[in-house]
file run_22.txt (compact mmCIF, C-alpha atoms)
# COMPACT_ATOMS: atom_id res chain seq x y z
CA MET A 1 3.39 29.11 -17.27
CA SER A 2 1.53 25.97 -18.25
CA ILE A 3 3.04 22.53 -17.57
CA SER A 4 1.79 19.60 -19.63
CA LEU A 5 0.23 16.54 -18.05
CA LYS A 6 2.91 14.43 -19.69
CA THR A 7 5.56 16.38 -17.81
CA LEU A 8 3.64 16.33 -14.53
CA PHE A 9 3.23 12.55 -14.58
CA ASN A 10 6.79 11.87 -15.74
CA LEU A 11 8.97 10.04 -13.19
CA THR A 12 12.06 9.54 -15.34
CA GLY A 13 15.15 9.53 -13.13
CA LYS A 14 13.12 9.02 -9.94
CA THR A 15 13.64 6.01 -7.66
CA ALA A 16 10.78 4.37 -5.77
CA LEU A 17 10.81 1.82 -2.96
CA ILE A 18 7.62 -0.25 -2.83
CA THR A 19 7.08 -2.68 0.02
CA GLY A 20 4.89 -5.65 -0.77
CA GLY A 21 5.76 -4.68 -4.32
CA ALA A 22 5.35 -8.11 -5.85
CA GLY A 23 2.00 -8.79 -4.22
CA TYR A 24 -1.51 -8.66 -5.66
CA LEU A 25 -1.89 -4.88 -5.39
CA GLY A 26 1.80 -4.06 -5.20
CA THR A 27 2.45 -5.42 -8.68
CA ALA A 28 -0.02 -2.93 -10.17
CA MET A 29 1.70 -0.13 -8.23
CA CYS A 30 5.06 -1.16 -9.65
CA GLU A 31 3.60 -1.27 -13.15
CA ALA A 32 2.13 2.22 -12.76
CA LEU A 33 5.42 3.82 -11.73
CA ALA A 34 7.36 1.83 -14.33
CA GLU A 35 5.08 3.19 -17.04
CA GLN A 36 5.90 6.68 -15.78
CA GLY A 37 9.62 6.07 -16.13
CA ALA A 38 10.68 5.37 -12.55
CA ASN A 39 13.40 3.07 -11.30
CA ILE A 40 11.90 0.73 -8.70
CA ILE A 41 13.15 -1.20 -5.68
CA ILE A 42 10.67 -4.04 -5.18
CA ALA A 43 10.79 -5.19 -1.56
CA SER A 44 9.31 -7.97 0.54
CA ARG A 45 10.38 -11.03 2.51
CA ASP A 46 9.97 -13.10 -0.66
CA PHE A 47 13.07 -12.19 -2.64
CA GLN A 48 12.35 -14.66 -5.46
CA LYS A 49 8.91 -13.21 -6.12
CA CYS A 50 10.32 -9.67 -6.13
CA ASN A 51 13.13 -10.71 -8.44
CA GLU A 52 10.75 -12.33 -10.92
CA LEU A 53 8.77 -9.10 -11.17
CA ALA A 54 11.97 -7.07 -11.46
CA LEU A 55 13.09 -9.21 -14.40
CA THR A 56 9.68 -8.93 -16.08
CA LEU A 57 9.59 -5.15 -15.75
CA GLY A 58 13.20 -4.94 -16.89
CA GLU A 59 12.29 -6.66 -20.14
CA GLN A 60 9.38 -4.26 -20.69
CA PHE A 61 11.31 -1.12 -19.74
CA PRO A 62 14.97 -1.82 -20.56
CA SER A 63 16.14 1.76 -20.00
CA GLN A 64 15.05 1.67 -16.33
CA LYS A 65 16.42 -0.12 -13.28
CA PHE A 66 14.38 -2.64 -11.30
CA THR A 67 15.88 -4.17 -8.18
CA ALA A 68 14.60 -6.88 -5.85
CA MET A 69 15.17 -6.41 -2.12
CA GLU A 70 14.62 -8.99 0.61
CA LEU A 71 13.20 -6.80 3.38
CA ASP A 72 11.69 -7.92 6.67
CA LEU A 73 9.73 -5.00 8.08
CA LEU A 74 9.46 -6.70 11.48
CA ASP A 75 13.25 -6.81 11.77
CA ARG A 76 14.87 -3.48 12.61
CA GLU A 77 18.27 -4.73 11.49
CA SER A 78 16.88 -5.78 8.09
CA ILE A 79 15.46 -2.28 7.62
CA LYS A 80 18.70 -0.60 8.70
CA THR A 81 20.89 -2.79 6.50
CA ASN A 82 18.76 -2.56 3.37
CA VAL A 83 17.96 1.15 3.60
CA GLY A 84 21.68 1.70 4.02
CA LYS A 85 22.18 0.35 0.51
CA ILE A 86 19.86 2.94 -1.07
CA GLU A 87 21.65 5.96 -2.51
CA GLN A 88 18.63 7.82 -3.86
CA LEU A 89 14.98 7.67 -2.90
CA ASP A 90 12.24 9.90 -4.31
CA ILE A 91 9.14 7.84 -3.60
CA LEU A 92 8.28 5.54 -0.70
CA ILE A 93 5.18 3.36 -0.93
CA ASN A 94 4.32 1.47 2.27
CA ASN A 95 2.12 -1.32 0.97
CA ALA A 96 3.25 -4.54 2.70
CA TRP A 97 0.76 -6.59 4.70
CA SER A 98 0.37 -10.09 6.08
CA GLY A 99 -1.80 -11.53 8.84
CA ASN A 100 -4.34 -14.09 9.93
CA LYS A 101 -8.10 -14.09 9.52
CA ASN A 102 -9.75 -13.64 12.90
CA SER A 103 -13.01 -12.67 14.51
CA PHE A 104 -13.04 -10.67 17.73
CA ASP A 105 -13.73 -13.92 19.56
CA SER A 106 -10.93 -15.90 17.94
CA ILE A 107 -8.13 -13.33 17.80
CA SER A 108 -5.27 -13.90 20.23
CA ASN A 109 -3.00 -11.33 21.84
CA GLU A 110 -0.20 -12.56 19.61
CA ASP A 111 -2.27 -12.10 16.44
CA TRP A 112 -3.30 -8.60 17.50
CA GLU A 113 0.28 -7.58 18.23
CA TYR A 114 1.52 -9.07 14.96
CA ASP A 115 -1.05 -7.17 12.89
CA ILE A 116 -0.33 -3.85 14.59
CA ASP A 117 3.39 -4.43 14.15
CA MET A 118 3.04 -5.43 10.51
CA SER A 119 0.49 -2.88 9.35
CA LEU A 120 1.31 0.17 11.46
CA ASN A 121 4.63 -0.04 13.29
CA SER A 122 6.45 -1.11 10.14
CA VAL A 123 5.29 2.07 8.39
CA PHE A 124 6.73 4.15 11.22
CA ARG A 125 10.02 2.25 11.12
CA LEU A 126 10.50 2.58 7.38
CA VAL A 127 9.62 6.26 7.26
CA LYS A 128 12.08 6.91 10.10
CA ALA A 129 14.77 4.94 8.30
CA THR A 130 14.29 6.64 4.92
CA GLN A 131 13.46 10.21 5.94
CA HIS A 132 17.00 11.47 5.32
CA LEU A 133 16.82 10.26 1.72
CA LEU A 134 13.36 11.77 1.21
CA LYS A 135 14.50 15.07 2.68
CA ASP A 136 17.34 15.15 0.16
CA SER A 137 14.97 14.52 -2.75
CA GLN A 138 11.97 16.44 -1.38
CA GLY A 139 10.17 13.21 -2.03
CA VAL A 140 6.78 11.60 -1.70
CA ILE A 141 5.33 9.05 0.72
CA LEU A 142 2.25 7.02 -0.16
CA ASN A 143 0.78 4.68 2.45
CA THR A 144 -1.77 1.96 1.79
CA ALA A 145 -4.58 2.05 4.34
CA SER A 146 -8.03 0.48 3.86
CA MET A 147 -11.73 1.26 3.82
CA TYR A 148 -11.75 -0.55 7.17
CA GLY A 149 -9.50 2.14 8.55
CA HIS A 150 -12.45 4.55 8.55
CA VAL A 151 -15.61 2.40 8.42
CA ALA A 152 -16.49 -0.79 10.27
CA PRO A 153 -16.87 -4.16 8.54
CA ASP A 154 -20.46 -5.34 8.20
CA TYR A 155 -20.51 -8.54 10.27
CA ARG A 156 -23.22 -9.96 8.02
CA LEU A 157 -20.69 -10.29 5.17
CA TYR A 158 -18.40 -12.55 7.13
CA ASN A 159 -20.41 -15.55 8.14
CA GLU A 160 -17.53 -17.94 7.54
CA GLU A 161 -14.34 -17.97 9.59
CA LYS A 162 -12.07 -17.96 6.54
CA TYR A 163 -13.39 -14.55 5.44
CA THR A 164 -13.63 -12.90 8.86
CA ASN A 165 -12.02 -9.47 9.08
CA PRO A 166 -9.82 -9.16 12.18
CA PRO A 167 -10.30 -6.17 14.49
CA SER A 168 -6.55 -5.55 14.47
CA TYR A 169 -6.54 -4.85 10.72
CA GLY A 170 -8.91 -1.89 10.81
CA ALA A 171 -7.32 -0.52 13.98
CA ALA A 172 -3.89 -0.57 12.34
CA LYS A 173 -5.15 0.97 9.10
CA ALA A 174 -6.90 3.76 11.01
CA GLY A 175 -3.52 4.44 12.54
CA VAL A 176 -1.94 4.56 9.09
CA ILE A 177 -4.46 7.19 7.97
CA GLN A 178 -3.80 9.39 11.00
CA PHE A 179 -0.03 8.83 10.81
CA SER A 180 -0.10 9.92 7.17
CA LYS A 181 -1.87 13.14 8.14
CA TYR A 182 0.63 13.73 10.94
CA LEU A 183 3.58 13.22 8.61
CA SER A 184 2.08 15.52 6.00
CA SER A 185 2.23 18.29 8.59
CA PHE A 186 5.58 17.65 10.22
CA LEU A 187 7.44 16.76 7.02
CA ALA A 188 6.01 19.72 5.10
CA PRO A 189 8.98 21.97 6.02
CA TYR A 190 11.15 19.56 4.00
CA ASN A 191 8.76 19.68 1.03
CA ILE A 192 7.88 16.02 1.52
CA ARG A 193 4.28 15.22 0.58
CA VAL A 194 2.46 12.40 2.33
CA ASN A 195 -0.85 10.83 1.32
CA CYS A 196 -2.57 7.50 1.68
CA ILE A 197 -5.10 5.46 -0.23
CA SER A 198 -7.89 3.32 1.18
CA PRO A 199 -8.66 0.45 -1.18
CA GLY A 200 -12.08 -1.14 -0.91
CA PRO A 201 -12.89 -4.75 -1.79
CA PHE A 202 -9.95 -6.15 -3.77
CA PRO A 203 -10.20 -9.86 -2.85
CA PHE A 204 -7.43 -12.21 -3.86
CA PRO A 205 -8.04 -14.42 -6.93
CA GLU A 206 -8.50 -17.48 -4.71
CA THR A 207 -11.26 -15.73 -2.78
CA GLN A 208 -12.94 -14.69 -6.04
CA LYS A 209 -13.68 -18.35 -6.73
CA ASP A 210 -16.37 -18.17 -4.05
CA GLU A 211 -19.08 -16.59 -6.19
CA GLU A 212 -21.62 -16.26 -3.37
CA PHE A 213 -19.22 -14.36 -1.13
CA ILE A 214 -18.15 -12.09 -4.00
CA LYS A 215 -21.79 -11.37 -4.75
CA ARG A 216 -22.37 -10.31 -1.13
CA LEU A 217 -19.20 -8.23 -1.14
CA SER A 218 -20.08 -6.52 -4.43
CA SER A 219 -23.55 -5.56 -3.25
CA LYS A 220 -22.07 -3.39 -0.50
CA ASN A 221 -20.98 -0.56 -2.82
CA PRO A 222 -22.74 1.61 -5.42
CA LEU A 223 -20.77 0.17 -8.34
CA ASN A 224 -21.97 -3.29 -7.31
CA ARG A 225 -18.67 -5.04 -8.01
CA ILE A 226 -15.24 -5.73 -6.57
CA GLY A 227 -12.11 -3.82 -7.53
CA HIS A 228 -9.27 -5.03 -9.75
CA PRO A 229 -5.59 -4.18 -9.19
CA HIS A 230 -5.24 -2.06 -12.34
CA GLU A 231 -7.86 0.28 -10.86
CA LEU A 232 -5.26 1.46 -8.35
CA LYS A 233 -2.77 2.48 -11.02
CA GLY A 234 -4.32 5.88 -11.72
CA VAL A 235 -4.37 7.10 -8.14
CA VAL A 236 -0.85 5.79 -7.52
CA ALA A 237 0.42 7.52 -10.66
CA LEU A 238 -1.23 10.74 -9.52
CA LEU A 239 -0.07 10.77 -5.90
CA CYS A 240 3.52 9.76 -6.63
CA SER A 241 4.12 12.40 -9.29
CA ASP A 242 4.07 16.18 -9.66
CA ALA A 243 0.53 15.84 -11.00
CA SER A 244 -0.42 15.98 -7.29
CA SER A 245 2.15 18.59 -6.26
CA TYR A 246 -0.48 20.52 -4.25
CA ILE A 247 -2.02 17.46 -2.58
CA THR A 248 -0.83 16.30 0.82
CA GLY A 249 -2.38 14.89 3.98
CA GLN A 250 -5.20 13.21 2.08
CA ASN A 251 -6.76 9.76 2.25
CA ILE A 252 -8.21 8.85 -1.13
CA CYS A 253 -10.79 6.07 -1.16
CA VAL A 254 -10.67 3.64 -4.07
CA ASP A 255 -13.62 1.54 -2.99
CA GLY A 256 -16.36 1.67 -5.61
CA GLY A 257 -18.22 4.07 -3.32
CA TRP A 258 -18.23 1.68 -0.36
CA ALA A 259 -18.09 4.46 2.22
CA ALA A 260 -20.50 6.75 0.38
CA TRP A 261 -23.64 5.20 1.86
call {"tool": "encode", "arguments": {"input": "run_22.txt", "output": "structure tokens"}}
result
Amino acid sequence: MSISLKTLFNLTGKTALITGGAGYLGTAMCEALAEQGANIIIASRDFQKCNELALTLGEQFPSQKFTAMELDLLDRESIKTNVGKIEQLDILINNAWSGNKNSFDSISNEDWEYDIDMSLNSVFRLVKATQHLLKDSQGVILNTASMYGHVAPDYRLYNEEKYTNPPSYGAAKAGVIQFSKYLSSFLAPYNIRVNCISPGPFPFPETQKDEEFIKRLSSKNPLNRIGHPHELKGVVALLCSDASSYITGQNICVDGGWAAW
């Protein structure tokens, strides 16, 4: 029996929770799932920003439900309280991140611990808190890792402190990749699929104003350019829908070929 692509990509009636959902990359993820018909809980510590996106998407897709959630992933009580409000969850996207720019010389113990807590421990906490809902729905988990979770930064790119990539970031993202693979195995009996994506160079708009840095960054991959948020929409749409029903435990690189050479 053949199933159409339209049916496979359709998320009508599904509910997704996206952390960091109103951010630079998170917004594109929300847009992708909204276009597929999903209801979306947009979560971060910035409730106003999440609410603005929820209102915008609600105007574009009036038959769907978009909800803003003020969620602090470093606060166990915030996770417990907010997850307790969710009645249905089919898709969990762990995408939130914040941290300081540091070199190995400048990073403090506090910065290291914060980054590991924010980028890795928070993923563990949220999966633990939502697993009962995902078991009920036989849902999907998608984690955002990074190219620096599996390759090292080239120190020659970062000759200014404001662009330095901290060692804690890559260490945490490597953990996210391995944790995703672990979950794909141990949650398989519940028919929960788990994958992650490793975005390459997607610098914030403010960083893009530095043309010389962007030129150096672009030259590091075969496509010779940086990525743009909409270029994540396809892989998110794939991995969060039945179009990827036989894909689990994978880390898909969206990096312009960064790690290919």
call {"tool": "residues_around", "arguments": {"input": "run_22.txt", "residues": "A:Leu71", "least_positions_apart": "4", "cutoff": "10 Å", "atoms": "all atoms listed in the file", "output": "MDAnalysis selection string"}}
result
chainID A and resid 19:20 42:47 75:83
call {"tool": "write_last_selection", "arguments": {"input": "run_22.txt", "atoms": "C-alpha atoms", "output": "PDB file, keeping the file's coordinate frame"}}
result
ATOM      1  CA  THR A  19       7.080  -2.680   0.020  1.00  0.00           C
ATOM      2  CA  GLY A  20       4.890  -5.650  -0.770  1.00  0.00           C
ATOM      3  CA  ILE A  42      10.670  -4.040  -5.180  1.00  0.00           C
ATOM      4  CA  ALA A  43      10.790  -5.190  -1.560  1.00  0.00           C
ATOM      5  CA  SER A  44       9.310  -7.970   0.540  1.00  0.00           C
ATOM      6  CA  ARG A  45      10.380 -11.030   2.510  1.00  0.00           C
ATOM      7  CA  ASP A  46       9.970 -13.100  -0.660  1.00  0.00           C
ATOM      8  CA  PHE A  47      13.070 -12.190  -2.640  1.00  0.00           C
ATOM      9  CA  ASP A  75      13.250  -6.810  11.770  1.00  0.00           C
ATOM     10  CA  ARG A  76      14.870  -3.480  12.610  1.00  0.00           C
ATOM     11  CA  GLU A  77      18.270  -4.730  11.490  1.00  0.00           C
ATOM     12  CA  SER A  78      16.880  -5.780   8.090  1.00  0.00           C
ATOM     13  CA  ILE A  79      15.460  -2.280   7.620  1.00  0.00           C
ATOM     14  CA  LYS A  80      18.700  -0.600   8.700  1.00  0.00           C
ATOM     15  CA  THR A  81      20.890  -2.790   6.500  1.00  0.00           C
ATOM     16  CA  ASN A  82      18.760  -2.560   3.370  1.00  0.00           C
ATOM     17  CA  VAL A  83      17.960   1.150   3.600  1.00  0.00           C
TER      18      VAL A  83
END
call {"tool": "closest_atom_pairs", "arguments": {"input": "run_22.txt", "of": "stretch 178-205 of chain A", "to": "stretch 211-224 of chain A", "cutoff": "12 Å", "atoms": "only C-alpha atoms", "output": "CSV"}}
result
residue,atom,partner,partner_atom,distance
A:Gly200,CA,A:Asn221,CA,9.1
A:Pro201,CA,A:Leu217,CA,7.2
A:Phe202,CA,A:Leu217,CA,9.8
A:Pro203,CA,A:Ile214,CA,8.3
A:Phe204,CA,A:Ile214,CA,10.7
A:Pro205,CA,A:Ile214,CA,10.8
call {"tool": "closest_residue", "arguments": {"input": "run_22.txt", "among": "A:Pro229, A:Gly234, A:Gly149, A:Gly249", "to": "A:Phe186", "atoms": "all atoms listed in the file"}}
result
A:Gly249
call {"tool": "atom_distance", "arguments": {"input": "run_22.txt", "atom1": "atom CA of A:Asn95", "atom2": "atom CA of A:Ile40"}}
result
13.9 Å
call {"tool": "atom_distance", "arguments": {"input": "run_22.txt", "atom1": "atom CA of A:His150", "atom2": "atom CA of A:Val176"}}
result
10.5 Å
call {"tool": "atom_distance", "arguments": {"input": "run_22.txt", "atom1": "atom CA of A:Tyr190", "atom2": "atom CA of A:Thr248"}}
result
12.8 Å
call {"tool": "closest_residue", "arguments": {"input": "run_22.txt", "among": "A:Lys209, A:Lys6, A:Lys233, A:Lys14", "to": "A:Ile91", "atoms": "all atoms listed in the file"}}
result
A:Lys14
call {"tool": "closest_residue", "arguments": {"input": "run_22.txt", "among": "A:Glu31, A:Glu70, A:Glu206, A:Asp90", "to": "A:Gln48", "atoms": "only C-alpha atoms"}}
result
A:Glu70
call {"tool": "closest_residue", "arguments": {"input": "run_22.txt", "among": "A:Ala34, A:Thr144, A:Glu59, A:Pro167", "to": "A:Ser108", "atoms": "all atoms listed in the file"}}
result
A:Pro167
call {"tool": "closest_residue", "arguments": {"input": "run_22.txt", "among": "A:Ser146, A:Gln36, A:Gln178, A:Asn121", "to": "A:Cys240", "atoms": "only C-alpha atoms"}}
result
A:Gln36
call {"tool": "build_atoms", "arguments": {"input": "run_22.txt", "residues": "stretch 63-74 of chain A", "atoms": "all heavy atoms", "output": "CSV table (one decimal), in the coordinates of the input"}}
result
chain,number,residue,atom,x,y,z
A,63,SER,N,15.3,0.6,-20.3
A,63,SER,CA,16.1,1.8,-20.0
A,63,SER,C,16.1,2.1,-18.5
A,63,SER,O,16.7,3.1,-18.1
A,63,SER,CB,15.7,3.0,-20.8
A,63,SER,OG,14.4,3.3,-20.5
A,64,GLN,N,15.2,1.4,-17.8
A,64,GLN,CA,15.0,1.7,-16.3
A,64,GLN,C,15.7,0.6,-15.5
A,64,GLN,O,16.0,-0.5,-16.0
A,64,GLN,CB,13.6,1.8,-16.0
A,64,GLN,CG,12.9,3.0,-16.7
A,64,GLN,CD,11.4,2.9,-16.9
A,64,GLN,OE1,10.9,3.1,-18.0
A,64,GLN,NE2,10.7,2.6,-15.8
A,65,LYS,N,15.8,0.8,-14.2
A,65,LYS,CA,16.4,-0.1,-13.3
A,65,LYS,C,15.4,-0.7,-12.3
A,65,LYS,O,14.7,0.1,-11.6
A,65,LYS,CB,17.6,0.5,-12.5
A,65,LYS,CG,18.4,-0.4,-11.6
A,65,LYS,CD,19.5,0.3,-11.0
A,65,LYS,CE,20.3,-0.6,-10.1
A,65,LYS,NZ,21.5,0.1,-9.5
A,66,PHE,N,15.3,-2.0,-12.2
A,66,PHE,CA,14.4,-2.6,-11.3
A,66,PHE,C,15.2,-3.6,-10.4
A,66,PHE,O,15.9,-4.5,-10.9
A,66,PHE,CB,13.3,-3.4,-12.1
A,66,PHE,CG,12.5,-2.5,-13.0
A,66,PHE,CD1,12.8,-2.3,-14.3
A,66,PHE,CD2,11.5,-1.7,-12.5
A,66,PHE,CE1,12.1,-1.5,-15.2
A,66,PHE,CE2,10.8,-0.8,-13.3
A,66,PHE,CZ,11.1,-0.7,-14.6
A,67,THR,N,15.1,-3.4,-9.1
A,67,THR,CA,15.9,-4.2,-8.2
A,67,THR,C,15.0,-4.9,-7.2
A,67,THR,O,14.1,-4.3,-6.6
A,67,THR,CB,16.8,-3.2,-7.4
A,67,THR,OG1,17.6,-2.4,-8.3
A,67,THR,CG2,17.8,-4.0,-6.5
A,68,ALA,N,15.3,-6.1,-6.9
A,68,ALA,CA,14.6,-6.9,-5.8
A,68,ALA,C,15.3,-6.7,-4.5
A,68,ALA,O,16.6,-6.7,-4.5
A,68,ALA,CB,14.5,-8.4,-6.2
A,69,MET,N,14.6,-6.6,-3.5
A,69,MET,CA,15.2,-6.4,-2.1
A,69,MET,C,14.5,-7.3,-1.1
A,69,MET,O,13.2,-7.3,-1.0
A,69,MET,CB,15.1,-5.0,-1.6
A,69,MET,CG,15.5,-4.7,-0.2
A,69,MET,SD,15.3,-3.0,0.3
A,69,MET,CE,16.6,-2.2,-0.6
A,70,GLU,N,15.2,-8.2,-0.4
A,70,GLU,CA,14.6,-9.0,0.6
A,70,GLU,C,14.6,-8.2,1.9
A,70,GLU,O,15.6,-7.9,2.5
A,70,GLU,CB,15.5,-10.2,0.8
A,70,GLU,CG,14.8,-11.2,1.8
A,70,GLU,CD,15.6,-12.5,2.0
A,70,GLU,OE1,16.6,-12.7,1.2
A,70,GLU,OE2,15.2,-13.3,2.8
A,71,LEU,N,13.4,-7.7,2.3
A,71,LEU,CA,13.2,-6.8,3.4
A,71,LEU,C,12.2,-7.3,4.4
A,71,LEU,O,11.0,-7.6,4.0
A,71,LEU,CB,12.8,-5.4,2.8
A,71,LEU,CG,12.5,-4.3,3.9
A,71,LEU,CD1,13.8,-4.0,4.6
A,71,LEU,CD2,11.9,-3.1,3.2
A,72,ASP,N,12.6,-7.5,5.6
A,72,ASP,CA,11.7,-7.9,6.7
A,72,ASP,C,11.4,-6.7,7.5
A,72,ASP,O,12.2,-6.2,8.3
A,72,ASP,CB,12.4,-9.0,7.5
A,72,ASP,CG,11.4,-9.6,8.6
A,72,ASP,OD1,10.3,-9.0,8.8
A,72,ASP,OD2,11.8,-10.6,9.2
A,73,LEU,N,10.1,-6.2,7.4
A,73,LEU,CA,9.7,-5.0,8.1
A,73,LEU,C,9.5,-5.2,9.6
A,73,LEU,O,9.4,-4.2,10.3
A,73,LEU,CB,8.4,-4.5,7.5
A,73,LEU,CG,8.6,-4.0,6.0
A,73,LEU,CD1,7.2,-3.7,5.4
A,73,LEU,CD2,9.5,-2.7,6.0
A,74,LEU,N,9.6,-6.4,10.1
A,74,LEU,CA,9.5,-6.7,11.5
A,74,LEU,C,10.8,-6.8,12.1
A,74,LEU,O,10.9,-7.0,13.3
A,74,LEU,CB,8.7,-8.0,11.7
A,74,LEU,CG,7.3,-8.0,11.2
A,74,LEU,CD1,6.6,-9.3,11.5
A,74,LEU,CD2,6.4,-6.9,11.7
